[in-house]
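Visitor: Supplied structure: upload32.pdb, PDB, C-alpha atoms.
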ATOM      1  CA  ALA A  25      -8.335 -11.091  13.076  1.00  0.00           C
ATOM      2  CA  GLN A  26      -6.169 -10.588  10.070  1.00  0.00           C
ATOM      3  CA  SER A  27      -2.452 -10.023  10.248  1.00  0.00           C
ATOM      4  CA  VAL A  28       0.539 -10.279   7.971  1.00  0.00           C
ATOM      5  CA  THR A  29       4.184 -10.789   8.886  1.00  0.00           C
ATOM      6  CA  GLN A  30       7.108 -10.221   6.598  1.00  0.00           C
ATOM      7  CA  LEU A  31       9.837 -12.231   8.196  1.00  0.00           C
ATOM      8  CA  ASP A  32      12.808 -10.199   6.967  1.00  0.00           C
ATOM      9  CA  SER A  33      13.159  -6.425   7.031  1.00  0.00           C
ATOM     10  CA  HIS A  34      16.193  -6.587   4.701  1.00  0.00           C
ATOM     11  CA  VAL A  35      17.324  -9.189   2.169  1.00  0.00           C
ATOM     12  CA  SER A  36      20.540  -9.028   0.152  1.00  0.00           C
ATOM     13  CA  VAL A  37      21.242 -11.219  -2.868  1.00  0.00           C
ATOM     14  CA  SER A  38      23.783 -11.143  -5.661  1.00  0.00           C
ATOM     15  CA  GLU A  39      22.687 -10.266  -9.169  1.00  0.00           C
ATOM     16  CA  GLY A  40      21.699 -13.407 -11.043  1.00  0.00           C
ATOM     17  CA  THR A  41      20.885 -15.441  -7.912  1.00  0.00           C
ATOM     18  CA  PRO A  42      17.394 -16.401  -6.680  1.00  0.00           C
ATOM     19  CA  VAL A  43      15.241 -14.109  -4.588  1.00  0.00           C
ATOM     20  CA  LEU A  44      13.019 -15.262  -1.710  1.00  0.00           C
ATOM     21  CA  LEU A  45      10.930 -12.770   0.272  1.00  0.00           C
ATOM     22  CA  ARG A  46       8.882 -14.396   2.999  1.00  0.00           C
ATOM     23  CA  CYS A  47       5.352 -13.562   4.070  1.00  0.00           C
ATOM     24  CA  ASN A  48       3.081 -15.296   6.570  1.00  0.00           C
ATOM     25  CA  TYR A  49      -0.502 -14.317   7.223  1.00  0.00           C
ATOM     26  CA  SER A  50      -3.346 -15.106   9.549  1.00  0.00           C
ATOM     27  CA  SER A  51      -6.943 -14.846   8.470  1.00  0.00           C
ATOM     28  CA  SER A  52     -10.193 -16.326   9.728  1.00  0.00           C
ATOM     29  CA  TYR A  53     -11.553 -16.791   6.235  1.00  0.00           C
ATOM     30  CA  SER A  54     -10.167 -17.291   2.771  1.00  0.00           C
ATOM     31  CA  PRO A  55      -7.911 -14.319   2.149  1.00  0.00           C
ATOM     32  CA  SER A  56      -6.899 -12.353  -0.874  1.00  0.00           C
ATOM     33  CA  LEU A  57      -3.143 -11.821  -0.906  1.00  0.00           C
ATOM     34  CA  PHE A  58      -0.995  -9.353  -2.780  1.00  0.00           C
ATOM     35  CA  TRP A  59       2.609  -8.365  -3.291  1.00  0.00           C
ATOM     36  CA  TYR A  60       3.443  -4.756  -4.105  1.00  0.00           C
ATOM     37  CA  VAL A  61       6.792  -3.191  -4.988  1.00  0.00           C
ATOM     38  CA  GLN A  62       7.885   0.346  -4.149  1.00  0.00           C
ATOM     39  CA  HIS A  63      10.899   2.051  -5.655  1.00  0.00           C
ATOM     40  CA  PRO A  64      12.366   5.010  -3.704  1.00  0.00           C
ATOM     41  CA  ASN A  65      10.052   8.011  -3.410  1.00  0.00           C
ATOM     42  CA  LYS A  66       7.429   6.346  -5.614  1.00  0.00           C
ATOM     43  CA  GLY A  67       3.991   4.886  -5.105  1.00  0.00           C
ATOM     44  CA  LEU A  68       3.355   1.161  -4.831  1.00  0.00           C
ATOM     45  CA  GLN A  69       2.906  -1.045  -7.879  1.00  0.00           C
ATOM     46  CA  LEU A  70       1.096  -4.372  -7.862  1.00  0.00           C
ATOM     47  CA  LEU A  71       3.374  -7.330  -8.614  1.00  0.00           C
ATOM     48  CA  LEU A  72       0.830 -10.129  -8.290  1.00  0.00           C
ATOM     49  CA  LYS A  73      -2.286 -11.221  -6.446  1.00  0.00           C
ATOM     50  CA  TYR A  74      -3.959 -14.395  -5.192  1.00  0.00           C
ATOM     51  CA  THR A  75      -7.754 -14.486  -5.045  1.00  0.00           C
ATOM     52  CA  SER A  76      -8.665 -18.172  -4.562  1.00  0.00           C
ATOM     53  CA  ALA A  77      -7.794 -19.338  -8.065  1.00  0.00           C
ATOM     54  CA  ALA A  78      -4.496 -21.098  -8.885  1.00  0.00           C
ATOM     55  CA  THR A  79      -2.183 -21.342  -5.875  1.00  0.00           C
ATOM     56  CA  LEU A  80       0.918 -20.512  -7.929  1.00  0.00           C
ATOM     57  CA  VAL A  81       0.595 -16.946  -9.096  1.00  0.00           C
ATOM     58  CA  LYS A  82       2.790 -15.387 -11.738  1.00  0.00           C
ATOM     59  CA  GLY A  83       3.353 -11.658 -11.693  1.00  0.00           C
ATOM     60  CA  ILE A  84       5.270  -9.000 -13.534  1.00  0.00           C
ATOM     61  CA  ASN A  85       9.042  -8.826 -13.972  1.00  0.00           C
ATOM     62  CA  GLY A  86       9.499 -12.584 -13.499  1.00  0.00           C
ATOM     63  CA  PHE A  87       8.187 -12.722  -9.938  1.00  0.00           C
ATOM     64  CA  GLU A  88       5.877 -15.418  -8.684  1.00  0.00           C
ATOM     65  CA  ALA A  89       4.342 -16.465  -5.367  1.00  0.00           C
ATOM     66  CA  GLU A  90       2.775 -19.633  -4.051  1.00  0.00           C
ATOM     67  CA  PHE A  91      -0.203 -19.658  -1.703  1.00  0.00           C
ATOM     68  CA  LYS A  92       0.255 -22.445   0.869  1.00  0.00           C
ATOM     69  CA  LYS A  93      -2.789 -22.686   3.085  1.00  0.00           C
ATOM     70  CA  SER A  94      -1.282 -25.343   5.361  1.00  0.00           C
ATOM     71  CA  GLU A  95       1.688 -23.093   6.087  1.00  0.00           C
ATOM     72  CA  THR A  96      -0.295 -19.804   5.926  1.00  0.00           C
ATOM     73  CA  SER A  97       2.426 -18.463   3.679  1.00  0.00           C
ATOM     74  CA  PHE A  98       2.639 -16.459   0.464  1.00  0.00           C
ATOM     75  CA  HIS A  99       6.362 -16.177  -0.251  1.00  0.00           C
ATOM     76  CA  LEU A 100       7.591 -14.169  -3.226  1.00  0.00           C
ATOM     77  CA  THR A 101      10.289 -15.629  -5.457  1.00  0.00           C
ATOM     78  CA  LYS A 102      12.271 -14.830  -8.578  1.00  0.00           C
ATOM     79  CA  PRO A 103      14.779 -17.217 -10.191  1.00  0.00           C
ATOM     80  CA  SER A 104      17.386 -14.604 -11.062  1.00  0.00           C
ATOM     81  CA  ALA A 105      17.728 -11.169  -9.471  1.00  0.00           C
ATOM     82  CA  HIS A 106      18.346  -8.063 -11.529  1.00  0.00           C
ATOM     83  CA  MET A 107      19.750  -4.763 -10.308  1.00  0.00           C
ATOM     84  CA  SER A 108      16.434  -3.086 -11.114  1.00  0.00           C
ATOM     85  CA  ASP A 109      14.720  -5.340  -8.539  1.00  0.00           C
ATOM     86  CA  ALA A 110      16.255  -3.330  -5.704  1.00  0.00           C
ATOM     87  CA  ALA A 111      13.235  -1.859  -3.942  1.00  0.00           C
ATOM     88  CA  GLU A 112      10.916  -2.357  -0.990  1.00  0.00           C
ATOM     89  CA  TYR A 113       8.314  -5.106  -1.189  1.00  0.00           C
ATOM     90  CA  PHE A 114       5.045  -5.274   0.720  1.00  0.00           C
ATOM     91  CA  CYS A 115       2.856  -8.289   1.379  1.00  0.00           C
ATOM     92  CA  VAL A 116      -0.831  -7.424   1.838  1.00  0.00           C
ATOM     93  CA  VAL A 117      -3.833  -9.434   3.036  1.00  0.00           C
ATOM     94  CA  THR A 118      -7.533  -8.716   2.864  1.00  0.00           C
ATOM     95  CA  MET A 119     -10.680 -10.826   3.248  1.00  0.00           C
ATOM     96  CA  ASN A 120     -13.462  -8.892   1.600  1.00  0.00           C
ATOM     97  CA  ARG A 121     -14.325  -5.383   0.676  1.00  0.00           C
ATOM     98  CA  ASP A 122     -15.686  -4.494   4.082  1.00  0.00           C
ATOM     99  CA  ASP A 123     -12.534  -5.420   5.921  1.00  0.00           C
ATOM    100  CA  LYS A 124      -9.389  -3.477   6.356  1.00  0.00           C
ATOM    101  CA  ILE A 125      -6.484  -4.052   4.049  1.00  0.00           C
ATOM    102  CA  ILE A 126      -3.486  -5.088   6.123  1.00  0.00           C
ATOM    103  CA  PHE A 127       0.038  -4.252   4.970  1.00  0.00           C
ATOM    104  CA  GLY A 128       3.173  -5.982   6.131  1.00  0.00           C
ATOM    105  CA  LYS A 129       5.994  -3.756   7.331  1.00  0.00           C
ATOM    106  CA  GLY A 130       7.964  -4.303   4.148  1.00  0.00           C
ATOM    107  CA  THR A 131      11.158  -6.052   3.063  1.00  0.00           C
ATOM    108  CA  ARG A 132      13.909  -4.027   1.483  1.00  0.00           C
ATOM    109  CA  LEU A 133      15.665  -6.001  -1.235  1.00  0.00           C
ATOM    110  CA  HIS A 134      19.308  -5.161  -1.947  1.00  0.00           C
ATOM    111  CA  ILE A 135      20.998  -6.482  -5.079  1.00  0.00           C
ATOM    112  CA  LEU A 136      24.761  -6.908  -4.916  1.00  0.00           C
ATOM    113  CA  PRO A 137      26.765  -6.597  -8.143  1.00  0.00           C
TER     114      PRO A 137
ATOM    115  CA  ASP B  13      -3.977   7.885 -19.384  1.00  0.00           C
ATOM    116  CA  GLY B  14      -5.903   6.414 -16.463  1.00  0.00           C
ATOM    117  CA  GLY B  15      -4.405   6.689 -13.043  1.00  0.00           C
ATOM    118  CA  ILE B  16      -4.064   8.501  -9.760  1.00  0.00           C
ATOM    119  CA  THR B  17      -2.343  11.818  -9.339  1.00  0.00           C
ATOM    120  CA  GLN B  18      -1.128  13.404  -6.141  1.00  0.00           C
ATOM    121  CA  SER B  19       0.083  16.921  -5.749  1.00  0.00           C
ATOM    122  CA  PRO B  20       2.366  18.406  -4.803  1.00  0.00           C
ATOM    123  CA  LYS B  21       5.230  15.891  -4.814  1.00  0.00           C
ATOM    124  CA  TYR B  22       7.070  17.756  -2.061  1.00  0.00           C
ATOM    125  CA  LEU B  23       5.457  20.014   0.516  1.00  0.00           C
ATOM    126  CA  PHE B  24       6.950  22.075   3.289  1.00  0.00           C
ATOM    127  CA  ARG B  25       4.925  23.499   6.124  1.00  0.00           C
ATOM    128  CA  LYS B  26       5.604  25.507   9.216  1.00  0.00           C
ATOM    129  CA  GLU B  27       4.513  24.147  12.551  1.00  0.00           C
ATOM    130  CA  GLY B  28       0.980  25.183  13.425  1.00  0.00           C
ATOM    131  CA  GLN B  29      -0.244  25.425   9.827  1.00  0.00           C
ATOM    132  CA  ASN B  30      -2.860  23.255   8.191  1.00  0.00           C
ATOM    133  CA  VAL B  31      -2.027  21.847   4.765  1.00  0.00           C
ATOM    134  CA  THR B  32      -4.098  19.990   2.179  1.00  0.00           C
ATOM    135  CA  LEU B  33      -2.790  17.186  -0.015  1.00  0.00           C
ATOM    136  CA  SER B  34      -4.551  16.544  -3.291  1.00  0.00           C
ATOM    137  CA  CYS B  35      -5.541  13.144  -4.696  1.00  0.00           C
ATOM    138  CA  GLU B  36      -7.417  12.680  -7.962  1.00  0.00           C
ATOM    139  CA  GLN B  37      -8.271   9.494  -9.872  1.00  0.00           C
ATOM    140  CA  ASN B  38      -9.839   8.940 -13.289  1.00  0.00           C
ATOM    141  CA  LEU B  39     -10.236   5.169 -12.926  1.00  0.00           C
ATOM    142  CA  ASN B  40     -13.902   5.424 -11.921  1.00  0.00           C
ATOM    143  CA  HIS B  41     -13.068   3.640  -8.671  1.00  0.00           C
ATOM    144  CA  ASP B  42     -15.519   3.725  -5.809  1.00  0.00           C
ATOM    145  CA  ALA B  43     -13.044   3.435  -2.941  1.00  0.00           C
ATOM    146  CA  MET B  44     -10.190   5.768  -2.082  1.00  0.00           C
ATOM    147  CA  TYR B  45      -7.628   5.581   0.708  1.00  0.00           C
ATOM    148  CA  TRP B  46      -4.982   7.666   2.416  1.00  0.00           C
ATOM    149  CA  TYR B  47      -1.897   6.056   3.936  1.00  0.00           C
ATOM    150  CA  ARG B  48       1.019   7.400   5.859  1.00  0.00           C
ATOM    151  CA  GLN B  49       4.422   5.770   5.395  1.00  0.00           C
ATOM    152  CA  ASP B  50       7.268   6.092   7.875  1.00  0.00           C
ATOM    153  CA  PRO B  51      10.592   4.243   7.647  1.00  0.00           C
ATOM    154  CA  GLY B  52      10.361   0.704   9.011  1.00  0.00           C
ATOM    155  CA  GLN B  53       6.623   0.948   9.730  1.00  0.00           C
ATOM    156  CA  GLY B  54       5.069   0.046   6.423  1.00  0.00           C
ATOM    157  CA  LEU B  55       1.828   1.768   5.470  1.00  0.00           C
ATOM    158  CA  ARG B  56      -0.720   2.884   8.018  1.00  0.00           C
ATOM    159  CA  LEU B  57      -4.274   3.734   7.036  1.00  0.00           C
ATOM    160  CA  ILE B  58      -5.441   7.266   7.859  1.00  0.00           C
ATOM    161  CA  TYR B  59      -8.895   7.451   6.246  1.00  0.00           C
ATOM    162  CA  TYR B  60     -10.819   5.662   3.556  1.00  0.00           C
ATOM    163  CA  SER B  61     -13.995   6.259   1.591  1.00  0.00           C
ATOM    164  CA  GLN B  62     -16.148   3.748  -0.263  1.00  0.00           C
ATOM    165  CA  ILE B  63     -18.734   6.175  -1.596  1.00  0.00           C
ATOM    166  CA  VAL B  64     -19.175   9.873  -2.224  1.00  0.00           C
ATOM    167  CA  ASN B  65     -19.987  11.927   0.886  1.00  0.00           C
ATOM    168  CA  ASP B  66     -18.979   9.114   3.226  1.00  0.00           C
ATOM    169  CA  PHE B  67     -15.644   8.217   4.784  1.00  0.00           C
ATOM    170  CA  GLN B  68     -14.294   6.183   7.675  1.00  0.00           C
ATOM    171  CA  LYS B  69     -11.414   6.614  10.077  1.00  0.00           C
ATOM    172  CA  GLY B  70      -8.467   4.319   9.703  1.00  0.00           C
ATOM    173  CA  ASP B  71      -5.891   3.389  12.319  1.00  0.00           C
ATOM    174  CA  ILE B  72      -4.262   6.806  12.714  1.00  0.00           C
ATOM    175  CA  ALA B  73      -6.947   9.403  11.887  1.00  0.00           C
ATOM    176  CA  GLU B  74      -6.170  11.819  14.731  1.00  0.00           C
ATOM    177  CA  GLY B  75      -4.951  15.173  13.434  1.00  0.00           C
ATOM    178  CA  TYR B  76      -6.206  14.534   9.891  1.00  0.00           C
ATOM    179  CA  SER B  77      -9.430  15.299   8.027  1.00  0.00           C
ATOM    180  CA  VAL B  78     -10.802  14.350   4.611  1.00  0.00           C
ATOM    181  CA  SER B  79     -13.712  15.067   2.309  1.00  0.00           C
ATOM    182  CA  ARG B  80     -15.265  13.150  -0.583  1.00  0.00           C
ATOM    183  CA  GLU B  81     -17.492  15.557  -2.463  1.00  0.00           C
ATOM    184  CA  LYS B  82     -16.710  13.992  -5.833  1.00  0.00           C
ATOM    185  CA  LYS B  83     -16.018  10.384  -6.793  1.00  0.00           C
ATOM    186  CA  GLU B  84     -12.693  11.257  -8.366  1.00  0.00           C
ATOM    187  CA  SER B  85     -11.287  13.419  -5.567  1.00  0.00           C
ATOM    188  CA  PHE B  86     -10.264  12.649  -1.963  1.00  0.00           C
ATOM    189  CA  PRO B  87      -8.199  15.481  -0.447  1.00  0.00           C
ATOM    190  CA  LEU B  88      -6.438  15.036   2.891  1.00  0.00           C
ATOM    191  CA  THR B  89      -5.896  17.906   5.317  1.00  0.00           C
ATOM    192  CA  VAL B  90      -3.091  17.607   7.828  1.00  0.00           C
ATOM    193  CA  THR B  91      -4.076  19.837  10.711  1.00  0.00           C
ATOM    194  CA  SER B  92      -1.952  21.520  13.332  1.00  0.00           C
ATOM    195  CA  ALA B  93      -3.251  18.909  15.790  1.00  0.00           C
ATOM    196  CA  GLN B  94      -1.152  16.221  14.096  1.00  0.00           C
ATOM    197  CA  LYS B  95       1.857  16.027  16.380  1.00  0.00           C
ATOM    198  CA  ASN B  96       4.357  14.470  13.995  1.00  0.00           C
ATOM    199  CA  PRO B  97       3.209  15.126  10.420  1.00  0.00           C
ATOM    200  CA  THR B  98       6.524  14.746   8.605  1.00  0.00           C
ATOM    201  CA  ALA B  99       6.071  11.626   6.455  1.00  0.00           C
ATOM    202  CA  PHE B 100       5.402  10.251   2.980  1.00  0.00           C
ATOM    203  CA  TYR B 101       1.680  10.229   2.174  1.00  0.00           C
ATOM    204  CA  LEU B 102       0.186   7.814  -0.336  1.00  0.00           C
ATOM    205  CA  CYS B 103      -3.256   7.895  -1.866  1.00  0.00           C
ATOM    206  CA  ALA B 104      -4.827   4.786  -3.395  1.00  0.00           C
ATOM    207  CA  SER B 105      -8.058   3.726  -5.031  1.00  0.00           C
ATOM    208  CA  SER B 106      -9.807   0.456  -5.777  1.00  0.00           C
ATOM    209  CA  THR B 107     -12.943  -0.872  -7.367  1.00  0.00           C
ATOM    210  CA  LEU B 108     -15.521  -2.590  -5.193  1.00  0.00           C
ATOM    211  CA  ALA B 109     -16.794  -4.724  -8.063  1.00  0.00           C
ATOM    212  CA  GLY B 110     -15.894  -8.267  -9.013  1.00  0.00           C
ATOM    213  CA  VAL B 111     -16.388 -11.718  -7.544  1.00  0.00           C
ATOM    214  CA  PRO B 112     -14.413 -12.459  -5.519  1.00  0.00           C
ATOM    215  CA  ILE B 113     -13.558  -8.984  -4.366  1.00  0.00           C
ATOM    216  CA  SER B 114      -9.829  -8.660  -4.815  1.00  0.00           C
ATOM    217  CA  ASN B 115      -9.347  -5.159  -3.444  1.00  0.00           C
ATOM    218  CA  GLU B 116      -6.337  -4.571  -5.653  1.00  0.00           C
ATOM    219  CA  GLN B 117      -5.268  -1.012  -4.999  1.00  0.00           C
ATOM    220  CA  PHE B 118      -3.812   1.502  -7.405  1.00  0.00           C
ATOM    221  CA  PHE B 119      -1.435   3.991  -5.836  1.00  0.00           C
ATOM    222  CA  GLY B 120      -0.507   7.552  -6.596  1.00  0.00           C
ATOM    223  CA  PRO B 121       3.154   8.663  -6.647  1.00  0.00           C
ATOM    224  CA  GLY B 122       2.973  10.110  -3.129  1.00  0.00           C
ATOM    225  CA  THR B 123       3.544  13.451  -1.429  1.00  0.00           C
ATOM    226  CA  ARG B 124       6.460  13.959   0.921  1.00  0.00           C
ATOM    227  CA  LEU B 125       5.482  16.406   3.658  1.00  0.00           C
ATOM    228  CA  THR B 126       8.138  18.062   5.781  1.00  0.00           C
ATOM    229  CA  VAL B 127       7.296  20.234   8.741  1.00  0.00           C
ATOM    230  CA  LEU B 128       9.918  22.885   9.422  1.00  0.00           C
TER     231      LEU B 128
END
As structure tokens, what does this structure read like?

Guide:
Amino acid sequence: AQSVTQLDSHVSVSEGTPVLLRCNYSSSYSPSLFWYVQHPNKGLQLLLKYTSAATLVKGINGFEAEFKKSETSFHLTKPSAHMSDAAEYFCVVTMNRDDKIIFGKGTRLHILP
Amino acid sequence: DGGITQSPKYLFRKEGQNVTLSCEQNLNHDAMYWYRQDPGQGLRLIYYSQIVNDFQKGDIAEGYSVSREKKESFPLTVTSAQKNPTAFYLCASSTLAGVPISNEQFFGPGTRLTVL
């Protein structure tokens, strides 16, 4: 069965410092993995996705994530946080179009001035 | 512009009333989804549809109903049987084409429903 765990419900970093949002998954087969961002009272926007191509995936707004099969992880990183990065981030896993799409419970990122 | 629209943005309802949330997409996507979002619980799937005139229950379908009469439209009705309907509702769509299937979803801006 598929599952996804976001290890932190809240993360706080200072502006200009690195961001790390952690995501672990379990999947019986090769998964597709996604990170979405949600600003308050808005819909979700895709940041990046992994679909069995390069393991290091670059997304929008300077974010990237690395698929590590041995660790079943897909952590999201950014070298330098910006105030506009404050939002909630969701890690998502799916196997194929007939399976459910599983959302993590979200990590709220706070940026300190 | 291509995208997904949801209306209204805010909706208030009295207890015991049914209410319908609109979701329209012009992306020519086959699949459409309804999610409910509550604080600290992430997104939970209510219903989804992969083709016109067909839909499937998600994890929390009780108290909700949907229809898919047109490819571009997937309205959600919150019935009086839904015991705790106050929440943020998100509609999404995705294509079912491509190899491998990536299932990237495109989301609408959401409707916040408050039951008074």

Visitor: Just want the 7 Å neighbourhood of Val116 of chain A, counted on all atoms listed in the file, with same-chain residues fewer than 2 positions away dropped. Output as a PyMOL selection string.

Guide: chain A and resi 28+57-59+114+118+125-128

Visitor: List every residue of chain B that has an atom at most 6 Å from any atom of chain A, giving for each one its closest atom pair and the distance in Å to one decimal, counting all atoms listed in the file, sorted by chain and then by ascending residue number, as CSV.

Guide:
residue,atom,partner,partner_atom,distance
B:Gln53,CA,A:Lys129,CA,5.3
B:Gly54,CA,A:Lys129,CA,4.0
B:Ile113,CA,A:Asn120,CA,6.0
B:Phe119,CA,A:Gly67,CA,5.5
B:Gly120,CA,A:Gly67,CA,5.4
B:Pro121,CA,A:Gly67,CA,4.2
B:Gly122,CA,A:Gly67,CA,5.7

Visitor: Given the file shown, determine the residues that the PyMOL selection byres ((chain A and resi 38) around 8) selects; report them as a PyMOL selection string.

Guide: chain A and resi 36-37+39-41+105+135-137

Visitor: Restricting the output to C-alpha atoms, write the selected residues as a compact mmCIF listing (two decimals), in the coordinates of the input.

Guide:
# COMPACT_ATOMS: atom_id res chain seq x y z
CA SER A 36 20.54 -9.03 0.15
CA VAL A 37 21.24 -11.22 -2.87
CA GLU A 39 22.69 -10.27 -9.17
CA GLY A 40 21.70 -13.41 -11.04
CA THR A 41 20.88 -15.44 -7.91
CA ALA A 105 17.73 -11.17 -9.47
CA ILE A 135 21.00 -6.48 -5.08
CA LEU A 136 24.76 -6.91 -4.92
CA PRO A 137 26.76 -6.60 -8.14

Visitor: Please list as number ranges by chain every residue within 10 Å of Glu74 of chain B, counting only C-alpha atoms and excluding residues in the same chain fewer than 6 positions away.

Guide: B: 58-59, 90-91, 93-95

Visitor: Just say which residues the PyMOL selection byres ((chain A and resi 110) around 8) picks in this file, as a count of residues only.

Guide: 11

Visitor: Under the PyMOL selection byres ((chain B and resi 39) around 12), which residues of this model are included? Write them out as a list of chain:residue names.

Guide: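 That expression, the PyMOL selection byres ((chain B and resi 39) around 12), corresponds here to B:Asp13, B:Gly14, B:Gly15, B:Ile16, B:Thr17, B:Glu36, B:Gln37, B:Asn38, B:Asn40, B:His41, B:Asp42, B:Ala43, B:Met44, B:Lys83, B:Glu84, B:Ser85, B:Ala104, B:Ser105, B:Ser106, B:Thr107, B:Gln117, B:Phe118, B:Phe119, B:Gly120.
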
Visitor: Give me the residues within 9 Å of segment 87-99 of chain A as an MDAnalysis selection string, counting all atoms listed in the file and dropping any in the same chain fewer than 2 places off.

Guide: chainID A and resid 43:51 57:59 71:74 78:85 101:103 115

Visitor: What does the distance from atom CA of Gln29 of chain B to atom CA of Ser92 of chain B come to in Å, to one decimal?

Guide: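 Atom CA of Ser92 of chain B lies 5.5 Å from atom CA of Gln29 of chain B.
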
Visitor: Quick one, how far is atom CA of Ile72 of chain B from atom CA of Arg56 of chain B?

Guide: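 Between atom CA of Ile72 of chain B and atom CA of Arg56 of chain B the gap works out to 7.1 Å.
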
Visitor: How far is it from atom CA of Val78 of chain B to atom CA of Asp66 of chain B, in Å with one decimal?

Guide: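 Distance reported for this atom pair: 9.8 Å.
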
Visitor: So, counting all atoms listed in the file, which residue among B:Cys103, B:Val64, B:Leu108, B:Leu125 is closest to Glu27 of chain B?

Guide: B:Leu125

Visitor: Name the residues in contact with Arg25 of chain B at a cut-off of 9 Å, using only C-alpha atoms, excluding same-chain residues fewer than 3 positions from it; report them as a PyMOL selection string.

Guide: chain B and resi 28-31+125-128

Visitor: Take the residues that were just selected and, keeping C-alpha atoms, output them as a PDB file, in the coordinates of the input.

Guide:
ATOM      1  CA  GLY B  28       0.980  25.183  13.425  1.00  0.00           C
ATOM      2  CA  GLN B  29      -0.244  25.425   9.827  1.00  0.00           C
ATOM      3  CA  ASN B  30      -2.860  23.255   8.191  1.00  0.00           C
ATOM      4  CA  VAL B  31      -2.027  21.847   4.765  1.00  0.00           C
ATOM      5  CA  LEU B 125       5.482  16.406   3.658  1.00  0.00           C
ATOM      6  CA  THR B 126       8.138  18.062   5.781  1.00  0.00           C
ATOM      7  CA  VAL B 127       7.296  20.234   8.741  1.00  0.00           C
ATOM      8  CA  LEU B 128       9.918  22.885   9.422  1.00  0.00           C
TER       9      LEU B 128
END
